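A.B. asks: Please read through the structure below; I'll follow up with questions.
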Amino acid sequence: MDLNERQWDAVRHTEGPVLILAGAGSGKTRVLTSRIAYLIGEAHVAPWNILAITFTNKAAGEMRSRVESSVPGGAQGVLCATFHAACLRILRRYADLLGYDTHFSIYDSDDSRSLMKGILKRFQLETRDLKLRRFLGTVSSAKDELLNPTEYLLAHQYDRDADRLAKAYTEYQAALKAANAMDFDDLIFNTVLLLKKHEDVLEEYQERYRYICVDEYQDTNNAQFELIRLLSAKYRNLCVVGDDDQSIYRFRGANIRNILDFEKVFPDAYVVRLEQNYRSTSTILNAANGIIANNRGRKKKTLWSDLGEGDPVRFFAFANGYAEAEFVADDVARKKRRGIPFSDIAVCYRTNAQSRLLEERFVQEGIPYELVGGVNFYARREIKDILAYLKTVDNARDDLAVMRIINVPKRGIGSTTLEKFSNYAASHDISLFDALKDSDAVVSGSAATKVKGFVSMIAALRALSLEYGVAELIRRLIEQVHYIDYLDSLLDESLADDDENERVHNVEELIEKAAGYEESTEEPSLTGFLEEVALVADIDLTTEGADRAMLMTLHAAKGLEFEHVYITGMEEDVFPSYQSCQAEHYDPQAMEEERRLAYVGVTRAKETLTLSCARQRVLHGEAQYHEVSRFVREIPREYLNLDDYD
DNA sequence: AGAGTGCAGCAACTT
DNA sequence: GCTGCACTCT
């Protein structure tokens, strides 16, 4: 293994707390994998005593295969997983200690939203200046602070609206528990709770995971920090890797202090700085350094590279977004003609909405591309419908799932009938599905018949689920409910003959994914499939190998690298975003986070970096005019090609 | 009682 | 451009 001096240092220092400050492109993944290989091969640590936490499933998979190839056959037992996946593993074994059934469902953000919406309606908690968003945000940050509803109220009793927020939090948790479901934050929160309440469980996992590595440590939140603190408390072999300059998830509760204060919490921490960059030209690196130097709260470091100067960073200003998109597409095509594969190229932007113009232009010019993000595959309506059927089969207490599919496709069970059943369920303290089973007690006549039909259909599917695998179950259920006909009926007739129905295509893809899951998993199960599906990120779904340019947000680009990178929309109020520009005066942190995002974007590029802006752009349906982004101006002029600047 | 239609309101980043 | 909701029609 060819590692530099510092990297070796980080690899060999296996015992005790270690902080690796790894600048962008400094070979941190290589260090982490080498370290794990070293633990197994040289320090003779058993693979199953190692836990490696990564940010995405994709990163976890890459790490697993890289460890596997450097320690052939020896890396089997290493657990490489995201925080959420690692917690899920623990909870599937011990959730009963917290009063959940181990088949609990996982609610994604959409599910959380619907659930909360229902609660706000039922208890009339929503007002003009206290909206759904704030309720959800409050619950999420309460869980991050590890406060249950009672503790939350106690800690925030003098805050405005605290009583209503606490009420919503209480009811929301009660509803989740009744539905035998956990949201994303619960996965962490409940694991911490479990470990704190049950010393024997804590001890089991402390013994198990004697060596813990955490990647992208700058993006951990408070609850996640508490989790690893607990797990590593006994053996104290905690190695965290991160770069405070790349902390870009503050909005989601990431606490940059976790990395900045690591040495305060672990005074005996061994600190390694990786400052040699193996990715970018010095020009690109200097541009990045010029930008990030404007931030105040950061650990000083100086990245350097010996990969040569390379080309200057290019900046182009266009009259509008169309011209910008046209340029990017043309320029990508030009690169291709010069022999550069599309797959070496990424186009990044601040918000997903910006992808549309680019996509249109790429399609026109016949440039193959892959869009990362946008509407998550698993968030699409047709996919959520099928998954709701599966969830209902797997966990009948999941009211939200039942609610979603009871009248999809239409089977004549409308809102009035549903309301009766909801009330019946609430007053008898049973799940919606159990209420449906009591249909005669709630409604009569045709409504009762329809409900009975639904209940027996689910029962039949449940029987099928014991007999068949997930893929076959899906095939049979869509046939049973005539789901494809339903999807076709959704299409506008004018469009119908043209393209084939994309939703149908998505459903077929889901079946393929289910089949893939069954092949790649030792003991496939419906629960297992549902959880795999619940925790995937957009970036996990990207396909490698195809020669396509990548289109993605700057957030999604984190951890990736490309020979040629374009960043579009370099405009004030776009990037930096409108919100952060507004907040600038009372919350300088917001602007610093935008700047870190710019730093992340710039440092993705290996050979060339192209920035662009549009003087005029249509946002929210109206034309807006913007100045050139401050981040462009922060790049020292000597590294910038100024042909079209000013 | 349920289904279909039109329109307002909204649109950061994401496990 | 999309979703959720209120209103009207069957």
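Just so we're on the same page: first chain in the structure tokens is A, next is B, and so on; residues restart at 1 for each chain, and ligands are numbered from 1 in the order they show up.
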Going by DSSP on the backbone, which bits of region 75-163 of chain A are strand (DSSP E)? Write them as number ranges by chain, please.
C.D. replies: A: 79-82, 105-107
A.B. asks: With N, CA, C and O atoms kept, could you save the residues just selected as a short mmCIF file (atom, residue, chain, number, x, y, z; two decimals), in the first residue's frame?
C.D. replies:
```cif
data_model
loop_
_atom_site.label_atom_id
_atom_site.label_comp_id
_atom_site.auth_asym_id
_atom_site.auth_seq_id
_atom_site.Cartn_x
_atom_site.Cartn_y
_atom_site.Cartn_z
N LEU A 79 -18.73 -4.71 10.06
CA LEU A 79 -20.01 -4.06 9.74
C LEU A 79 -19.75 -2.67 9.18
O LEU A 79 -19.29 -1.77 9.90
N CYS A 80 -20.01 -2.51 7.89
CA CYS A 80 -19.94 -1.20 7.25
C CYS A 80 -21.36 -0.76 7.01
O CYS A 80 -22.09 -1.42 6.27
N ALA A 81 -21.79 0.31 7.62
CA ALA A 81 -23.17 0.71 7.48
C ALA A 81 -23.33 2.20 7.77
O ALA A 81 -22.44 2.83 8.32
N THR A 82 -24.47 2.74 7.41
CA THR A 82 -24.80 4.10 7.79
C THR A 82 -25.27 4.09 9.25
O THR A 82 -25.57 3.02 9.79
N SER A 105 -42.44 -0.75 11.23
CA SER A 105 -42.24 -0.09 9.94
C SER A 105 -41.31 1.09 10.11
O SER A 105 -41.16 1.62 11.21
N ILE A 106 -40.72 1.52 9.00
CA ILE A 106 -39.91 2.73 9.02
C ILE A 106 -40.63 3.79 8.21
O ILE A 106 -40.99 3.56 7.06
N TYR A 107 -40.86 4.94 8.83
CA TYR A 107 -41.53 6.02 8.12
C TYR A 107 -40.51 6.97 7.52
O TYR A 107 -39.62 7.46 8.23
#
```
A.B. asks: Got a sec: who's within 12 Å of DC2 (chain C), counting only C-alpha atoms (C1' of nucleotides), leaving out chain neighbours fewer than 5 positions off, as an NGL selection string?
C.D. replies: (:A and (353 or 375)) or (:B and (9-11))
A.B. asks: With all heavy atoms retained, write the just-selected residues as a CSV table (one decimal), in the first residue's frame.
C.D. replies:
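File selection.csv, as written:
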```csv
chain,number,residue,atom,x,y,z
A,353,ALA,N,-34.4,21.9,-8.6
A,353,ALA,CA,-35.2,22.5,-9.6
A,353,ALA,C,-34.4,23.0,-10.8
A,353,ALA,O,-34.9,23.1,-11.9
A,353,ALA,CB,-36.0,23.7,-9.0
A,375,VAL,N,-36.9,13.6,-7.7
A,375,VAL,CA,-37.9,12.8,-6.9
A,375,VAL,C,-37.3,11.4,-6.7
A,375,VAL,O,-37.0,10.7,-7.7
A,375,VAL,CB,-39.2,12.7,-7.6
A,375,VAL,CG1,-40.2,12.0,-6.7
A,375,VAL,CG2,-39.7,14.1,-8.0
B,9,DG,P,-53.8,31.1,-2.4
B,9,DG,OP1,-54.4,31.5,-1.2
B,9,DG,OP2,-53.4,32.1,-3.4
B,9,DG,O5',-52.6,30.2,-2.1
B,9,DG,C5',-52.8,29.0,-1.4
B,9,DG,C4',-51.5,28.2,-1.4
B,9,DG,O4',-51.4,27.6,-2.7
B,9,DG,C3',-50.3,29.1,-1.2
B,9,DG,O3',-49.4,28.5,-0.3
B,9,DG,C2',-49.6,29.1,-2.6
B,9,DG,C1',-50.0,27.7,-3.2
B,9,DG,N9,-50.0,27.6,-4.6
B,9,DG,C8,-50.4,28.6,-5.5
B,9,DG,N7,-50.3,28.1,-6.8
B,9,DG,C5,-49.8,26.8,-6.6
B,9,DG,C6,-49.5,25.9,-7.6
B,9,DG,O6,-49.6,26.0,-8.9
B,9,DG,N1,-49.1,24.7,-7.1
B,9,DG,C2,-49.0,24.4,-5.7
B,9,DG,N2,-48.6,23.2,-5.4
B,9,DG,N3,-49.3,25.3,-4.8
B,9,DG,C4,-49.7,26.5,-5.3
B,10,DC,P,-48.2,29.3,0.3
B,10,DC,OP1,-48.3,29.4,1.7
B,10,DC,OP2,-47.9,30.5,-0.5
B,10,DC,O5',-47.0,28.2,0.0
B,10,DC,C5',-47.3,26.8,0.0
B,10,DC,C4',-46.4,26.1,-1.0
B,10,DC,O4',-46.8,26.3,-2.3
B,10,DC,C3',-45.0,26.7,-0.9
B,10,DC,O3',-44.1,25.6,-0.6
B,10,DC,C2',-44.7,27.2,-2.3
B,10,DC,C1',-45.7,26.4,-3.1
B,10,DC,N1,-46.0,27.0,-4.4
B,10,DC,C2,-46.0,26.2,-5.6
B,10,DC,O2,-45.7,25.0,-5.4
B,10,DC,N3,-46.4,26.7,-6.8
B,10,DC,C4,-46.7,28.0,-6.8
B,10,DC,N4,-47.0,28.5,-8.0
B,10,DC,C5,-46.7,28.9,-5.7
B,10,DC,C6,-46.3,28.3,-4.5
B,11,DA,P,-42.7,25.9,0.1
B,11,DA,OP1,-42.9,25.4,1.5
B,11,DA,OP2,-42.4,27.3,-0.2
B,11,DA,O5',-41.7,25.0,-0.5
B,11,DA,C5',-42.0,24.0,-1.5
B,11,DA,C4',-41.0,24.0,-2.6
B,11,DA,O4',-41.8,24.4,-3.8
B,11,DA,C3',-40.0,25.1,-2.5
B,11,DA,O3',-38.8,24.6,-2.1
B,11,DA,C2',-39.8,25.6,-3.9
B,11,DA,C1',-40.9,24.9,-4.7
B,11,DA,N9,-41.6,26.0,-5.5
B,11,DA,C8,-42.0,27.2,-5.1
B,11,DA,N7,-42.6,27.9,-6.0
B,11,DA,C5,-42.5,27.1,-7.1
B,11,DA,C6,-42.9,27.2,-8.4
B,11,DA,N6,-43.6,28.3,-8.9
B,11,DA,N1,-42.7,26.2,-9.3
B,11,DA,C2,-42.1,25.1,-8.9
B,11,DA,N3,-41.6,24.8,-7.6
B,11,DA,C4,-41.9,25.9,-6.8
```
A.B. asks: What residues in chain A lie within 7 Å of chain B, counting only C-alpha atoms (C1' of nucleotides), written as an MDAnalysis selection string?
C.D. replies: chainID A and resid 84 184 351 412 414 555 620
A.B. asks: Do you have, as JSON lines, the list of residues of chain C lying at most 12 Å from chain A, each with its nearest atom pair and that distance in Å to one decimal, counting only C-alpha atoms (C1' of nucleotides) and ordered by chain then number?
C.D. replies:
```
{"residue": "C:DG1", "atom": "C1'", "partner": "A:Ala353", "partner_atom": "CA", "distance": 9.4}
{"residue": "C:DC2", "atom": "C1'", "partner": "A:Val375", "partner_atom": "CA", "distance": 11.0}
{"residue": "C:DT3", "atom": "C1'", "partner": "A:Arg381", "partner_atom": "CA", "distance": 11.3}
{"residue": "C:DG4", "atom": "C1'", "partner": "A:Ser114", "partner_atom": "CA", "distance": 11.5}
```
A.B. asks: Would you mind listing what lies within 12 Å of Leu390 (chain A) as a PDB file with N, CA, C and O atoms, in the first residue's frame, with only C-alpha atoms (C1' of nucleotides) counted and same-chain residues fewer than 4 positions away left out?
C.D. replies:
```
ATOM      1  N   SER A 105     -42.440  -0.752  11.232  1.00  0.00           N
ATOM      2  CA  SER A 105     -42.239  -0.092   9.938  1.00  0.00           C
ATOM      3  C   SER A 105     -41.311   1.095  10.113  1.00  0.00           C
ATOM      4  O   SER A 105     -41.161   1.623  11.214  1.00  0.00           O
ATOM      5  N   ILE A 383     -44.597   3.719  -6.631  1.00  0.00           N
ATOM      6  CA  ILE A 383     -43.731   2.890  -5.802  1.00  0.00           C
ATOM      7  C   ILE A 383     -44.226   2.903  -4.354  1.00  0.00           C
ATOM      8  O   ILE A 383     -44.309   1.870  -3.690  1.00  0.00           O
ATOM      9  N   LYS A 384     -44.611   4.085  -3.887  1.00  0.00           N
ATOM     10  CA  LYS A 384     -45.122   4.170  -2.524  1.00  0.00           C
ATOM     11  C   LYS A 384     -46.408   3.371  -2.357  1.00  0.00           C
ATOM     12  O   LYS A 384     -46.660   2.795  -1.306  1.00  0.00           O
ATOM     13  N   ASP A 385     -47.233   3.355  -3.391  1.00  0.00           N
ATOM     14  CA  ASP A 385     -48.457   2.548  -3.337  1.00  0.00           C
ATOM     15  C   ASP A 385     -48.119   1.066  -3.136  1.00  0.00           C
ATOM     16  O   ASP A 385     -48.647   0.419  -2.227  1.00  0.00           O
ATOM     17  N   ILE A 386     -47.253   0.556  -3.998  1.00  0.00           N
ATOM     18  CA  ILE A 386     -46.904  -0.867  -3.893  1.00  0.00           C
ATOM     19  C   ILE A 386     -46.279  -1.151  -2.523  1.00  0.00           C
ATOM     20  O   ILE A 386     -46.619  -2.136  -1.865  1.00  0.00           O
ATOM     21  N   ASP A 394     -47.016  -6.732   5.844  1.00  0.00           N
ATOM     22  CA  ASP A 394     -45.952  -7.014   6.803  1.00  0.00           C
ATOM     23  C   ASP A 394     -46.298  -6.556   8.218  1.00  0.00           C
ATOM     24  O   ASP A 394     -45.916  -7.170   9.196  1.00  0.00           O
ATOM     25  N   ASN A 395     -46.999  -5.432   8.309  1.00  0.00           N
ATOM     26  CA  ASN A 395     -47.289  -4.849   9.616  1.00  0.00           C
ATOM     27  C   ASN A 395     -48.653  -4.185   9.552  1.00  0.00           C
ATOM     28  O   ASN A 395     -48.774  -3.024   9.209  1.00  0.00           O
ATOM     29  N   ALA A 396     -49.682  -4.943   9.884  1.00  0.00           N
ATOM     30  CA  ALA A 396     -51.050  -4.457   9.703  1.00  0.00           C
ATOM     31  C   ALA A 396     -51.373  -3.278  10.609  1.00  0.00           C
ATOM     32  O   ALA A 396     -52.368  -2.595  10.415  1.00  0.00           O
ATOM     33  N   ASP A 398     -49.716  -0.653  10.672  1.00  0.00           N
ATOM     34  CA  ASP A 398     -49.250   0.555   9.994  1.00  0.00           C
ATOM     35  C   ASP A 398     -50.426   1.285   9.336  1.00  0.00           C
ATOM     36  O   ASP A 398     -50.709   1.122   8.154  1.00  0.00           O
ATOM     37  N   ALA A 401     -50.032   3.217   6.014  1.00  0.00           N
ATOM     38  CA  ALA A 401     -49.956   2.387   4.814  1.00  0.00           C
ATOM     39  C   ALA A 401     -51.357   1.951   4.403  1.00  0.00           C
ATOM     40  O   ALA A 401     -51.733   2.028   3.234  1.00  0.00           O
ATOM     41  N   VAL A 402     -52.147   1.511   5.375  1.00  0.00           N
ATOM     42  CA  VAL A 402     -53.510   1.071   5.088  1.00  0.00           C
ATOM     43  C   VAL A 402     -54.314   2.216   4.478  1.00  0.00           C
ATOM     44  O   VAL A 402     -54.999   2.059   3.466  1.00  0.00           O
ATOM     45  N   ARG A 404     -53.277   4.686   2.828  1.00  0.00           N
ATOM     46  CA  ARG A 404     -52.816   5.030   1.495  1.00  0.00           C
ATOM     47  C   ARG A 404     -53.459   4.162   0.417  1.00  0.00           C
ATOM     48  O   ARG A 404     -53.795   4.644  -0.662  1.00  0.00           O
ATOM     49  N   ILE A 405     -53.620   2.890   0.717  1.00  0.00           N
ATOM     50  CA  ILE A 405     -54.030   1.967  -0.341  1.00  0.00           C
ATOM     51  C   ILE A 405     -55.477   1.512  -0.269  1.00  0.00           C
ATOM     52  O   ILE A 405     -55.958   0.876  -1.194  1.00  0.00           O
ATOM     53  N   ILE A 458     -56.280  -8.470   1.593  1.00  0.00           N
ATOM     54  CA  ILE A 458     -55.008  -8.359   2.321  1.00  0.00           C
ATOM     55  C   ILE A 458     -54.650  -9.701   2.972  1.00  0.00           C
ATOM     56  O   ILE A 458     -53.499 -10.134   2.950  1.00  0.00           O
ATOM     57  N   ALA A 459     -55.674 -10.357   3.527  1.00  0.00           N
ATOM     58  CA  ALA A 459     -55.435 -11.659   4.154  1.00  0.00           C
ATOM     59  C   ALA A 459     -54.882 -12.643   3.128  1.00  0.00           C
ATOM     60  O   ALA A 459     -53.945 -13.405   3.413  1.00  0.00           O
ATOM     61  N   LEU A 461     -53.211 -11.888   0.425  1.00  0.00           N
ATOM     62  CA  LEU A 461     -51.831 -11.490   0.115  1.00  0.00           C
ATOM     63  C   LEU A 461     -50.877 -11.946   1.213  1.00  0.00           C
ATOM     64  O   LEU A 461     -49.752 -12.365   0.954  1.00  0.00           O
ATOM     65  N   ARG A 462     -51.357 -11.861   2.439  1.00  0.00           N
ATOM     66  CA  ARG A 462     -50.508 -12.278   3.555  1.00  0.00           C
ATOM     67  C   ARG A 462     -50.187 -13.771   3.436  1.00  0.00           C
ATOM     68  O   ARG A 462     -49.064 -14.201   3.699  1.00  0.00           O
ATOM     69  N   LEU A 464     -50.075 -15.386   0.642  1.00  0.00           N
ATOM     70  CA  LEU A 464     -49.118 -15.505  -0.462  1.00  0.00           C
ATOM     71  C   LEU A 464     -47.697 -15.155  -0.022  1.00  0.00           C
ATOM     72  O   LEU A 464     -46.728 -15.742  -0.497  1.00  0.00           O
ATOM     73  N   SER A 465     -47.617 -14.199   0.890  1.00  0.00           N
ATOM     74  CA  SER A 465     -46.290 -13.727   1.304  1.00  0.00           C
ATOM     75  C   SER A 465     -45.509 -14.816   2.033  1.00  0.00           C
ATOM     76  O   SER A 465     -44.287 -14.779   2.096  1.00  0.00           O
ATOM     77  N   GLY A 469     -41.582 -15.331  -2.703  1.00  0.00           N
ATOM     78  CA  GLY A 469     -40.629 -14.264  -2.447  1.00  0.00           C
ATOM     79  C   GLY A 469     -41.244 -12.909  -2.733  1.00  0.00           C
ATOM     80  O   GLY A 469     -42.372 -12.815  -3.238  1.00  0.00           O
ATOM     81  N   VAL A 470     -40.488 -11.873  -2.442  1.00  0.00           N
ATOM     82  CA  VAL A 470     -41.009 -10.515  -2.556  1.00  0.00           C
ATOM     83  C   VAL A 470     -41.396 -10.161  -3.996  1.00  0.00           C
ATOM     84  O   VAL A 470     -42.470  -9.617  -4.255  1.00  0.00           O
ATOM     85  N   ALA A 471     -40.505 -10.490  -4.943  1.00  0.00           N
ATOM     86  CA  ALA A 471     -40.773 -10.124  -6.340  1.00  0.00           C
ATOM     87  C   ALA A 471     -42.074 -10.755  -6.828  1.00  0.00           C
ATOM     88  O   ALA A 471     -42.928 -10.094  -7.431  1.00  0.00           O
ATOM     89  N   GLU A 472     -42.231 -12.045  -6.526  1.00  0.00           N
ATOM     90  CA  GLU A 472     -43.442 -12.741  -6.957  1.00  0.00           C
ATOM     91  C   GLU A 472     -44.666 -12.177  -6.233  1.00  0.00           C
ATOM     92  O   GLU A 472     -45.737 -12.032  -6.825  1.00  0.00           O
ATOM     93  N   LEU A 473     -44.498 -11.844  -4.986  1.00  0.00           N
ATOM     94  CA  LEU A 473     -45.601 -11.256  -4.229  1.00  0.00           C
ATOM     95  C   LEU A 473     -46.069  -9.954  -4.885  1.00  0.00           C
ATOM     96  O   LEU A 473     -47.266  -9.719  -5.046  1.00  0.00           O
ATOM     97  N   ILE A 474     -45.111  -9.129  -5.279  1.00  0.00           N
ATOM     98  CA  ILE A 474     -45.476  -7.876  -5.935  1.00  0.00           C
ATOM     99  C   ILE A 474     -46.204  -8.162  -7.242  1.00  0.00           C
ATOM    100  O   ILE A 474     -47.244  -7.569  -7.543  1.00  0.00           O
ATOM    101  N   ARG A 475     -45.675  -9.087  -8.025  1.00  0.00           N
ATOM    102  CA  ARG A 475     -46.329  -9.426  -9.297  1.00  0.00           C
ATOM    103  C   ARG A 475     -47.771  -9.842  -9.057  1.00  0.00           C
ATOM    104  O   ARG A 475     -48.682  -9.412  -9.748  1.00  0.00           O
ATOM    105  N   ARG A 476     -47.972 -10.675  -8.062  1.00  0.00           N
ATOM    106  CA  ARG A 476     -49.322 -11.166  -7.821  1.00  0.00           C
ATOM    107  C   ARG A 476     -50.233 -10.077  -7.275  1.00  0.00           C
ATOM    108  O   ARG A 476     -51.425 -10.036  -7.578  1.00  0.00           O
ATOM    109  N   LEU A 477     -49.670  -9.219  -6.470  1.00  0.00           N
ATOM    110  CA  LEU A 477     -50.552  -8.201  -5.897  1.00  0.00           C
ATOM    111  C   LEU A 477     -50.966  -7.166  -6.941  1.00  0.00           C
ATOM    112  O   LEU A 477     -52.116  -6.729  -6.952  1.00  0.00           O
ATOM    113  N   ILE A 478     -50.053  -6.810  -7.861  1.00  0.00           N
ATOM    114  CA  ILE A 478     -50.496  -5.833  -8.858  1.00  0.00           C
ATOM    115  C   ILE A 478     -51.524  -6.437  -9.804  1.00  0.00           C
ATOM    116  O   ILE A 478     -52.417  -5.755 -10.282  1.00  0.00           O
ATOM    117  N   ALA A 514     -36.584  -6.002  -6.261  1.00  0.00           N
ATOM    118  CA  ALA A 514     -36.969  -7.029  -5.291  1.00  0.00           C
ATOM    119  C   ALA A 514     -36.282  -8.343  -5.622  1.00  0.00           C
ATOM    120  O   ALA A 514     -35.763  -9.034  -4.741  1.00  0.00           O
ATOM    121  N   SER A 525     -36.426 -11.515   3.227  1.00  0.00           N
ATOM    122  CA  SER A 525     -37.746 -11.495   3.837  1.00  0.00           C
ATOM    123  C   SER A 525     -38.420 -10.197   3.433  1.00  0.00           C
ATOM    124  O   SER A 525     -37.769  -9.265   2.974  1.00  0.00           O
ATOM    125  N   LEU A 526     -39.726 -10.173   3.609  1.00  0.00           N
ATOM    126  CA  LEU A 526     -40.465  -8.966   3.274  1.00  0.00           C
ATOM    127  C   LEU A 526     -39.995  -7.803   4.143  1.00  0.00           C
ATOM    128  O   LEU A 526     -39.749  -6.698   3.651  1.00  0.00           O
ATOM    129  N   THR A 527     -39.856  -8.060   5.437  1.00  0.00           N
ATOM    130  CA  THR A 527     -39.366  -7.016   6.345  1.00  0.00           C
ATOM    131  C   THR A 527     -38.002  -6.505   5.892  1.00  0.00           C
ATOM    132  O   THR A 527     -37.754  -5.301   5.863  1.00  0.00           O
ATOM    133  N   GLY A 528     -37.143  -7.439   5.523  1.00  0.00           N
ATOM    134  CA  GLY A 528     -35.801  -7.071   5.098  1.00  0.00           C
ATOM    135  C   GLY A 528     -35.823  -6.195   3.863  1.00  0.00           C
ATOM    136  O   GLY A 528     -35.107  -5.199   3.772  1.00  0.00           O
ATOM    137  N   PHE A 529     -36.662  -6.564   2.911  1.00  0.00           N
ATOM    138  CA  PHE A 529     -36.762  -5.770   1.689  1.00  0.00           C
ATOM    139  C   PHE A 529     -37.271  -4.362   1.997  1.00  0.00           C
ATOM    140  O   PHE A 529     -36.725  -3.375   1.519  1.00  0.00           O
ATOM    141  N   LEU A 530     -38.287  -4.287   2.811  1.00  0.00           N
ATOM    142  CA  LEU A 530     -38.856  -2.982   3.137  1.00  0.00           C
ATOM    143  C   LEU A 530     -37.848  -2.087   3.835  1.00  0.00           C
ATOM    144  O   LEU A 530     -37.819  -0.880   3.616  1.00  0.00           O
ATOM    145  N   GLU A 531     -37.008  -2.656   4.653  1.00  0.00           N
ATOM    146  CA  GLU A 531     -36.059  -1.792   5.346  1.00  0.00           C
ATOM    147  C   GLU A 531     -34.919  -1.378   4.433  1.00  0.00           C
ATOM    148  O   GLU A 531     -34.426  -0.270   4.504  1.00  0.00           O
ATOM    149  N   VAL A 533     -35.220  -0.811   1.380  1.00  0.00           N
ATOM    150  CA  VAL A 533     -35.811   0.214   0.545  1.00  0.00           C
ATOM    151  C   VAL A 533     -35.991   1.533   1.304  1.00  0.00           C
ATOM    152  O   VAL A 533     -35.877   2.613   0.739  1.00  0.00           O
TER     153      VAL A 533
END
```
A.B. asks: Please report the interatomic distance between CA of Glu171 (chain A) and CA of Ala426 (chain A) in Å with one decimal.
C.D. replies: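 Distance between the two atoms: 12.4 Å.
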A.B. asks: So the first atom is CA of Cys239 (chain A) and the second is CA of Leu3 (chain A); what is the distance between them in Å, to one decimal place?
C.D. replies: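 Between CA of Cys239 (chain A) and CA of Leu3 (chain A) the gap is 18.0 Å.
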